[in-house]
file entry-v2.cif (mmCIF, C-alpha atoms and all ligand atoms)
data_work
#
loop_
_atom_site.label_atom_id
_atom_site.label_comp_id
_atom_site.auth_asym_id
_atom_site.auth_seq_id
_atom_site.Cartn_x
_atom_site.Cartn_y
_atom_site.Cartn_z
CA MET A 2 11.21 -6.46 18.60
CA THR A 3 10.07 -10.03 18.50
CA THR A 4 11.73 -13.29 17.46
CA ASN A 5 14.01 -13.74 14.49
CA SER A 6 13.46 -10.61 12.40
CA THR A 7 16.56 -9.18 10.74
CA ASN A 8 17.45 -5.65 9.71
CA ASN A 9 16.34 -6.65 6.28
CA THR A 10 12.81 -7.50 7.45
CA ILE A 11 10.42 -4.60 6.97
CA ILE A 12 7.16 -6.41 7.83
CA GLN A 13 6.85 -9.24 10.31
CA VAL A 14 3.36 -10.67 10.78
CA LYS A 15 3.18 -13.32 13.50
CA ASP A 16 0.17 -15.47 14.37
CA ILE A 17 -2.37 -12.80 13.53
CA VAL A 18 -5.97 -13.54 14.40
CA LYS A 19 -8.80 -11.11 13.69
CA LYS A 20 -12.31 -11.58 14.97
CA TYR A 21 -15.31 -9.34 14.50
CA LYS A 22 -18.53 -9.34 16.44
CA VAL A 23 -21.49 -9.58 14.10
CA GLY A 24 -24.66 -9.32 16.19
CA ASP A 25 -24.39 -11.99 18.87
CA ASN A 26 -21.86 -14.00 16.87
CA GLU A 27 -18.12 -13.74 16.66
CA VAL A 28 -16.65 -14.25 13.19
CA THR A 29 -12.96 -15.09 12.75
CA ILE A 30 -11.75 -13.33 9.61
CA LEU A 31 -8.00 -14.08 9.92
CA LYS A 32 -6.83 -17.35 11.48
CA SER A 33 -3.19 -17.37 12.53
CA ILE A 34 -1.47 -15.60 9.65
CA SER A 35 2.35 -15.38 9.71
CA PHE A 36 4.80 -14.10 7.11
CA ASP A 37 7.78 -11.78 6.73
CA VAL A 38 8.48 -9.28 3.98
CA HIS A 39 12.02 -8.15 3.25
CA ARG A 40 13.05 -4.68 2.21
CA GLY A 41 12.81 -4.22 -1.54
CA GLU A 42 10.26 -6.98 -2.06
CA PHE A 43 7.17 -6.57 -4.24
CA VAL A 44 4.35 -8.69 -2.81
CA SER A 45 0.79 -9.17 -3.99
CA ILE A 46 -1.97 -10.45 -1.76
CA VAL A 47 -4.63 -12.30 -3.68
CA GLY A 48 -7.63 -14.47 -2.92
CA PRO A 49 -11.40 -14.50 -3.11
CA SER A 50 -13.40 -11.44 -2.12
CA GLY A 51 -14.38 -11.22 1.54
CA ASN A 52 -11.54 -13.47 2.72
CA GLY A 53 -9.68 -10.90 4.81
CA LYS A 54 -7.13 -9.32 2.45
CA SER A 55 -8.01 -5.69 3.20
CA THR A 56 -8.33 -6.53 6.89
CA LEU A 57 -4.77 -7.86 6.80
CA LEU A 58 -3.45 -4.75 5.06
CA ASN A 59 -5.24 -2.57 7.60
CA MET A 60 -3.35 -4.36 10.38
CA ILE A 61 -0.02 -3.71 8.67
CA THR A 62 -0.78 0.01 8.40
CA GLY A 63 -2.24 0.15 11.91
CA ILE A 64 -5.63 1.29 10.58
CA ASP A 65 -7.10 -1.78 12.35
CA ARG A 66 -5.80 -3.89 15.24
CA PRO A 67 -5.53 -7.69 15.49
CA SER A 68 -7.41 -9.71 18.13
CA ALA A 69 -4.18 -11.66 18.76
CA GLY A 70 -0.65 -11.84 17.38
CA ASP A 71 2.15 -9.39 16.67
CA ILE A 72 2.88 -7.10 13.77
CA THR A 73 6.23 -5.37 13.44
CA VAL A 74 6.64 -2.88 10.60
CA THR A 75 9.79 -0.80 10.08
CA GLY A 76 10.93 -2.05 13.49
CA ARG A 77 7.84 -0.84 15.36
CA ASP A 78 5.19 -2.90 17.14
CA VAL A 79 2.28 -1.50 15.19
CA ASN A 80 -0.53 -2.75 17.41
CA LYS A 81 1.11 -1.40 20.56
CA MET A 82 1.25 2.22 19.38
CA SER A 83 -1.32 4.85 20.39
CA GLU A 84 -3.41 6.48 17.66
CA ASN A 85 -1.17 9.58 17.84
CA GLN A 86 2.01 7.55 17.57
CA LEU A 87 0.50 5.59 14.71
CA ALA A 88 -0.41 8.72 12.78
CA GLY A 89 3.13 10.08 13.11
CA TRP A 90 4.76 6.76 12.27
CA ARG A 91 2.47 6.12 9.30
CA GLY A 92 3.05 9.60 7.91
CA GLU A 93 6.78 8.98 7.60
CA ASN A 94 7.00 5.24 7.00
CA VAL A 95 4.02 4.09 4.97
CA GLY A 96 2.54 5.43 1.75
CA ILE A 97 -0.99 4.13 1.28
CA ILE A 98 -2.68 3.95 -2.12
CA PHE A 99 -6.42 3.28 -2.19
CA GLN A 100 -8.73 1.95 -4.88
CA PHE A 101 -10.71 5.17 -5.06
CA PHE A 102 -7.69 7.50 -4.88
CA GLN A 103 -9.08 9.55 -1.96
CA MET A 104 -7.65 12.84 -3.14
CA LEU A 105 -9.00 15.87 -1.25
CA PRO A 106 -11.38 17.37 -3.83
CA ALA A 107 -10.94 21.04 -2.92
CA LEU A 108 -7.13 20.92 -3.20
CA SER A 109 -5.04 20.92 -6.36
CA LEU A 110 -2.95 17.84 -7.14
CA LEU A 111 0.10 19.81 -5.96
CA GLN A 112 -1.58 20.74 -2.66
CA ASN A 113 -2.68 17.14 -2.16
CA VAL A 114 0.94 16.01 -2.50
CA ILE A 115 2.22 18.76 -0.18
CA LEU A 116 -0.29 17.95 2.59
CA PRO A 117 1.44 14.85 4.08
CA MET A 118 4.68 16.85 4.18
CA ASP A 119 2.91 19.61 6.15
CA PHE A 120 1.80 16.98 8.69
CA ALA A 121 5.19 15.29 8.98
CA ASN A 122 7.21 18.53 9.06
CA LYS A 123 10.23 16.67 7.70
CA TYR A 124 10.97 19.13 4.88
CA THR A 125 10.99 22.94 4.96
CA PRO A 126 7.97 24.67 3.33
CA LYS A 127 10.09 25.62 0.31
CA GLU A 128 11.40 22.06 -0.03
CA ARG A 129 7.84 20.70 0.19
CA ARG A 130 6.68 22.52 -2.91
CA ASP A 131 9.79 21.60 -4.92
CA ARG A 132 9.57 18.01 -3.77
CA ALA A 133 5.86 17.78 -4.61
CA MET A 134 6.60 19.13 -8.10
CA SER A 135 9.37 16.61 -8.68
CA LEU A 136 7.13 13.78 -7.45
CA LEU A 137 4.38 14.90 -9.83
CA GLU A 138 7.03 14.98 -12.55
CA LEU A 139 8.06 11.43 -11.62
CA VAL A 140 4.49 10.23 -12.17
CA GLY A 141 4.13 12.26 -15.38
CA LEU A 142 1.81 14.95 -14.03
CA ALA A 143 3.96 18.08 -13.72
CA ASP A 144 1.75 19.90 -16.24
CA GLN A 145 -1.42 19.04 -14.28
CA ALA A 146 -0.14 20.19 -10.86
CA GLU A 147 -2.54 23.10 -10.41
CA LYS A 148 -5.66 21.17 -11.42
CA LEU A 149 -8.28 19.88 -9.02
CA PRO A 150 -8.64 16.07 -8.86
CA SER A 151 -12.05 16.31 -10.58
CA MET A 152 -10.40 17.91 -13.63
CA VAL A 153 -8.15 14.94 -14.39
CA SER A 154 -8.77 11.29 -15.29
CA GLY A 155 -8.94 8.39 -12.83
CA GLY A 156 -5.52 7.18 -13.95
CA GLN A 157 -4.06 10.64 -13.40
CA GLN A 158 -5.71 10.86 -9.96
CA GLN A 159 -4.17 7.53 -9.03
CA ARG A 160 -0.75 8.65 -10.23
CA ALA A 161 -1.14 11.82 -8.15
CA ALA A 162 -2.14 9.60 -5.21
CA ILE A 163 1.10 7.66 -5.72
CA ALA A 164 3.05 10.93 -5.69
CA ARG A 165 1.23 11.79 -2.45
CA ALA A 166 2.11 8.35 -1.00
CA LEU A 167 5.77 9.12 -1.76
CA ALA A 168 5.64 12.59 -0.18
CA ASN A 169 7.68 11.79 2.92
CA ASP A 170 9.85 9.21 1.14
CA PRO A 171 8.46 6.23 3.08
CA PRO A 172 10.27 2.88 2.72
CA LEU A 173 6.95 1.00 2.44
CA LEU A 174 4.09 1.41 -0.04
CA VAL A 175 0.79 -0.32 0.63
CA GLY A 176 -1.91 -0.57 -2.03
CA ASP A 177 -5.46 -1.78 -1.47
CA GLU A 178 -6.69 -2.65 -4.98
CA PRO A 179 -4.73 0.32 -6.35
CA THR A 180 -5.59 -0.58 -9.94
CA GLY A 181 -9.11 -1.80 -9.16
CA ASN A 182 -10.82 1.30 -10.50
CA LEU A 183 -8.69 1.71 -13.63
CA ASP A 184 -9.04 0.32 -17.15
CA SER A 185 -6.50 -2.36 -18.01
CA ARG A 186 -4.19 -0.07 -20.01
CA THR A 187 -4.04 2.53 -17.21
CA ALA A 188 -3.70 -0.25 -14.62
CA ALA A 189 -0.67 -1.54 -16.51
CA GLU A 190 0.88 1.95 -16.51
CA VAL A 191 0.32 2.35 -12.77
CA PHE A 192 1.75 -1.13 -12.24
CA ASP A 193 4.87 -0.19 -14.22
CA LEU A 194 5.26 2.78 -11.91
CA PHE A 195 5.15 0.43 -8.88
CA ASN A 196 7.84 -1.72 -10.49
CA GLN A 197 9.97 1.35 -11.05
CA LEU A 198 9.59 2.35 -7.38
CA VAL A 199 10.52 -1.16 -6.21
CA ASP A 200 13.57 -1.05 -8.51
CA GLN A 201 14.52 2.17 -6.71
CA GLY A 202 14.40 0.39 -3.34
CA LYS A 203 10.83 0.77 -2.08
CA THR A 204 8.97 -2.20 -0.62
CA MET A 205 5.50 -2.68 -2.06
CA ILE A 206 2.65 -4.82 -0.79
CA MET A 207 -0.67 -4.68 -2.57
CA VAL A 208 -4.00 -6.44 -2.55
CA THR A 209 -5.22 -7.10 -6.06
CA HIS A 210 -7.87 -9.16 -7.78
CA ASP A 211 -6.20 -8.49 -11.14
CA LYS A 212 -4.78 -11.89 -12.10
CA GLU A 213 -2.71 -10.53 -14.99
CA LEU A 214 -0.93 -8.08 -12.72
CA ALA A 215 -0.61 -10.53 -9.82
CA HIS A 216 1.23 -12.86 -12.18
CA ARG A 217 3.87 -10.22 -12.76
CA VAL A 218 4.56 -9.58 -9.07
CA PRO A 219 7.61 -11.51 -7.82
CA ARG A 220 5.87 -12.87 -4.72
CA ARG A 221 2.23 -13.76 -4.30
CA ILE A 222 0.52 -14.55 -1.01
CA GLU A 223 -2.90 -16.13 -1.40
CA ILE A 224 -5.41 -15.76 1.42
CA VAL A 225 -8.32 -18.18 1.43
CA ASN A 226 -10.80 -18.42 4.26
CA GLY A 227 -8.57 -16.37 6.57
CA ARG A 228 -5.44 -18.49 6.12
CA ILE A 229 -2.40 -18.38 3.85
CA ALA A 230 -3.26 -20.90 1.12
CA SER A 231 0.00 -20.31 -0.76
CA ASP A 232 3.05 -18.05 -0.62
CA ASP A 233 4.94 -18.32 -3.89
CA TYR A 234 7.94 -16.63 -5.41
CA LEU A 235 7.04 -16.42 -9.06
CA ARG A 236 9.27 -16.58 -12.06
CA GLN A 237 9.30 -13.06 -13.49
CA SER A 238 7.52 -12.88 -16.79
CA SER A 239 9.16 -10.75 -19.44
CA GLN A 240 5.90 -10.68 -21.35
CA PRO A 241 4.13 -7.31 -21.48
CA VAL A 242 0.76 -7.16 -19.74
CA ALA A 243 -2.05 -8.08 -22.09
CA VAL A 244 -4.20 -5.01 -22.64
CA ALA A 245 -7.89 -5.66 -23.20
CA ASN A 246 -9.50 -3.59 -25.91
P1 LIG A 301 -11.25 -8.90 1.17
O1 LIG A 301 -10.31 -7.75 1.20
O2 LIG A 301 -10.57 -10.23 1.03
O3 LIG A 301 -12.35 -8.74 0.16
P2 LIG A 301 -12.08 -7.92 3.75
O4 LIG A 301 -10.86 -7.92 4.56
O5 LIG A 301 -12.55 -6.61 3.20
O6 LIG A 301 -11.98 -8.99 2.58
O7 LIG A 301 -13.29 -8.51 4.63
C1 LIG A 301 -13.23 -9.79 5.19
C2 LIG A 301 -14.49 -10.05 5.96
O8 LIG A 301 -14.47 -9.26 7.14
C3 LIG A 301 -15.75 -9.69 5.20
O9 LIG A 301 -16.70 -10.69 5.42
C4 LIG A 301 -16.18 -8.40 5.86
O10 LIG A 301 -17.57 -8.26 5.82
C5 LIG A 301 -15.68 -8.58 7.28
N1 LIG A 301 -15.41 -7.32 7.96
C6 LIG A 301 -14.50 -6.39 7.58
N2 LIG A 301 -14.51 -5.34 8.45
C7 LIG A 301 -15.46 -5.63 9.38
C8 LIG A 301 -15.96 -4.95 10.54
N3 LIG A 301 -15.45 -3.75 10.91
N4 LIG A 301 -16.94 -5.55 11.27
C9 LIG A 301 -17.43 -6.75 10.89
N5 LIG A 301 -17.00 -7.44 9.82
C10 LIG A 301 -16.03 -6.89 9.07
#
call {"tool": "encode", "arguments": {"input": "entry-v2.cif", "output": "structure tokens", "more": "lines below"}}
Ligand code: ADP
result
Amino acid sequence: MTTNSTNNTIIQVKDIVKKYKVGDNEVTILKSISFDVHRGEFVSIVGPSGNGKSTLLNMITGIDRPSAGDITVTGRDVNKMSENQLAGWRGENVGIIFQFFQMLPALSLLQNVILPMDFANKYTPKERRDRAMSLLELVGLADQAEKLPSMVSGGQQQRAAIARALANDPPLLVGDEPTGNLDSRTAAEVFDLFNQLVDQGKTMIMVTHDKELAHRVPRRIEIVNGRIASDDYLRQSSQPVAVAN
């Protein structure tokens, strides 16, 4: 482990640089980004489109690797792990929630939630089914468990995707525009679910362009032109989210 991280630090990002080759040119997307996230924090990453937010998240999950710098997540040097090690680590430590849900279309919601448990082999087969059912119950979908993703609404698919992200009880949840494909009412419901999970001890980091929701997240990191433009702890609003008609 590097430098001054504590047991309470779940993400440590240190001097991250990310460059891509575009034709003959090299473009620097992230320019020396550093921040820590503590266990139990709820963090939003905001900023203009194309400024490197998803790229940053992909480094935290090990989906992409930095050109320079160190990333430690749940005590592991993420960019030093092999692809195999990463897959195993991610399966148990990180629940990822995508904008377009990414449910496997031929599997029922229940089977989709069981799948990560089959990969991780942390629970017995009997436990997996029971656990998947209770996770679907947690997200309000117990009665939809046997349906295919195409038979339920976008909001329900995203809630099932959250149940899937929780399958192996990871300490960290990562969302890349998790409410970006939902209407504002459904987005608010999904957001409430994230709050509930954070209250229960999960750490959540999510990229969002939804200003209303970002204003309700306790900490907001703003990325502009590949750098941290601001990193603010916000006063929690007790106001309900405004729902557009
Ligand atoms: P944001 O999430 O803030 O919208 P992204 O992280 O998706 O931004 O993208 C930041 C920039 O990096 C964009 O200009 C995008 O085109 C570029 N980019 C992302 N991935 C690649 C890649 N694999 N190769 C080249 N450029 C990329």
call {"tool": "closest_residue", "arguments": {"input": "entry-v2.cif", "among": "A:Asp233, A:Glu190, A:Glu147, A:Asp177", "to": "ligand LIG 301 (chain A)", "atoms": "all atoms listed in the file"}}
result
A:Asp177
call {"tool": "atom_distance", "arguments": {"input": "entry-v2.cif", "atom1": "atom O4 of ligand LIG 301 (chain A)", "atom2": "atom CA of A:Asp78"}}
result
21.0 Å
call {"tool": "closest_residue", "arguments": {"input": "entry-v2.cif", "among": "A:Val44, A:Leu149, A:Leu235, A:Ala188", "to": "A:Pro106", "atoms": "only C-alpha atoms"}}
result
A:Leu149
call {"tool": "residues_near_ligand", "arguments": {"input": "entry-v2.cif", "ligand": "ligand LIG 301 (chain A)", "cutoff": "9 Å", "atoms": "all atoms listed in the file", "output": "PyMOL selection string"}}
result
chain A and resi 19-23+28-31+47-59+65+177-178+208-209+224-227
call {"tool": "residues_around", "arguments": {"input": "entry-v2.cif", "residues": "A:Pro219", "least_positions_apart": "6", "cutoff": "12 Å", "atoms": "only C-alpha atoms", "output": "VMD selection string"}}
result
chain A and resid 41 to 46 196 199 204 to 207 232 to 239
call {"tool": "axis_aligned_box", "arguments": {"input": "entry-v2.cif", "around": "stretch 105-114 of chain A", "padding_each_side": "5 Å", "output": "AutoDock Vina command-line options"}}
result
--center_x -5.2 --center_y 18.5 --center_z -4.2 --size_x 22.3 --size_y 15.2 --size_z 15.9
call {"tool": "residues_near_point", "arguments": {"input": "entry-v2.cif", "point": "(-2.3, 6.1, -1.0)", "cutoff": "7 Å", "atoms": "only C-alpha atoms", "output": "list of chain:residue names"}}
result
A:Gly96, A:Ile97, A:Ile98, A:Phe99, A:Phe102, A:Ala162, A:Ile163, A:Arg165, A:Ala166, A:Gly176
call {"tool": "write_last_selection", "arguments": {"input": "entry-v2.cif", "atoms": "C-alpha atoms", "output": "tab-separated table (two decimals), in the frame of the given file"}}
result
chain	number	residue	atom	x	y	z
A	96	GLY	CA	2.54	5.43	1.75
A	97	ILE	CA	-0.99	4.13	1.28
A	98	ILE	CA	-2.68	3.95	-2.12
A	99	PHE	CA	-6.42	3.28	-2.19
A	102	PHE	CA	-7.69	7.50	-4.88
A	162	ALA	CA	-2.14	9.60	-5.21
A	163	ILE	CA	1.10	7.66	-5.72
A	165	ARG	CA	1.23	11.79	-2.45
A	166	ALA	CA	2.11	8.35	-1.00
A	176	GLY	CA	-1.91	-0.57	-2.03
call {"tool": "residues_around", "arguments": {"input": "entry-v2.cif", "residues": "A:Asn94", "least_positions_apart": "6", "cutoff": "8 Å", "atoms": "all atoms listed in the file", "output": "number ranges by chain"}}
result
A: 75, 169-173
call {"tool": "atom_distance", "arguments": {"input": "entry-v2.cif", "atom1": "atom CA of A:Ser109", "atom2": "atom CA of A:Leu137"}}
result
11.7 Å
call {"tool": "residues_around", "arguments": {"input": "entry-v2.cif", "residues": "A:Ile12", "least_positions_apart": "3", "cutoff": "10 Å", "atoms": "only C-alpha atoms", "output": "list in words"}}
result
Ser6, Asn9, Lys15, Phe36, Asp37, Val38, His39, Arg40, Ile61, Ile72, Thr73, Val74, Thr75, Gly76, Arg77, Leu173, Thr204 and Ile206 of chain A
call {"tool": "closest_residue", "arguments": {"input": "entry-v2.cif", "among": "A:Leu183, A:Ala143, A:Ala189, A:Leu174", "to": "A:Lys203", "atoms": "all atoms listed in the file"}}
result
A:Leu174
call {"tool": "closest_residue", "arguments": {"input": "entry-v2.cif", "among": "A:Asp71, A:Asp211, A:Thr62, A:Met104", "to": "A:Gly92", "atoms": "only C-alpha atoms"}}
result
A:Thr62
call {"tool": "closest_residue", "arguments": {"input": "entry-v2.cif", "among": "A:Gln13, A:Gln157, A:Gln100, A:Ser68", "to": "A:Glu138", "atoms": "only C-alpha atoms"}}
result
A:Gln157
call {"tool": "atom_distance", "arguments": {"input": "entry-v2.cif", "atom1": "atom CA of A:Pro150", "atom2": "atom CA of A:Gln112"}}
result
10.5 Å
call {"tool": "residues_around", "arguments": {"input": "entry-v2.cif", "residues": "A:Ser83", "least_positions_apart": "5", "cutoff": "12 Å", "atoms": "all atoms listed in the file", "output": "JSON list (two decimals) with C-alpha atoms, in the frame of the given file"}}
result
[["chain", "number", "residue", "atom", "x", "y", "z"],
["A", 63, "GLY", "CA", -2.24, 0.15, 11.91],
["A", 64, "ILE", "CA", -5.63, 1.29, 10.58],
["A", 65, "ASP", "CA", -7.10, -1.78, 12.35],
["A", 66, "ARG", "CA", -5.80, -3.89, 15.24],
["A", 77, "ARG", "CA", 7.84, -0.84, 15.36],
["A", 78, "ASP", "CA", 5.19, -2.90, 17.14],
["A", 88, "ALA", "CA", -0.41, 8.72, 12.78],
["A", 89, "GLY", "CA", 3.13, 10.08, 13.11],
["A", 90, "TRP", "CA", 4.76, 6.76, 12.27],
["A", 91, "ARG", "CA", 2.47, 6.12, 9.30]]
call {"tool": "closest_residue", "arguments": {"input": "entry-v2.cif", "among": "A:Asn80, A:Asn26, A:Gln159, A:Ser154", "to": "A:Asn113", "atoms": "all atoms listed in the file"}}
result
A:Gln159
call {"tool": "residues_around", "arguments": {"input": "entry-v2.cif", "residues": "A:Leu136", "least_positions_apart": "3", "cutoff": "9 Å", "atoms": "all atoms listed in the file", "output": "list in words"}}
result
Val114, Asp131, Arg132, Ala133, Leu139, Val140, Gly141, Leu142, Ala143, Ala161, Ile163, Ala164, Arg165, Leu167 and Ala168 of chain A
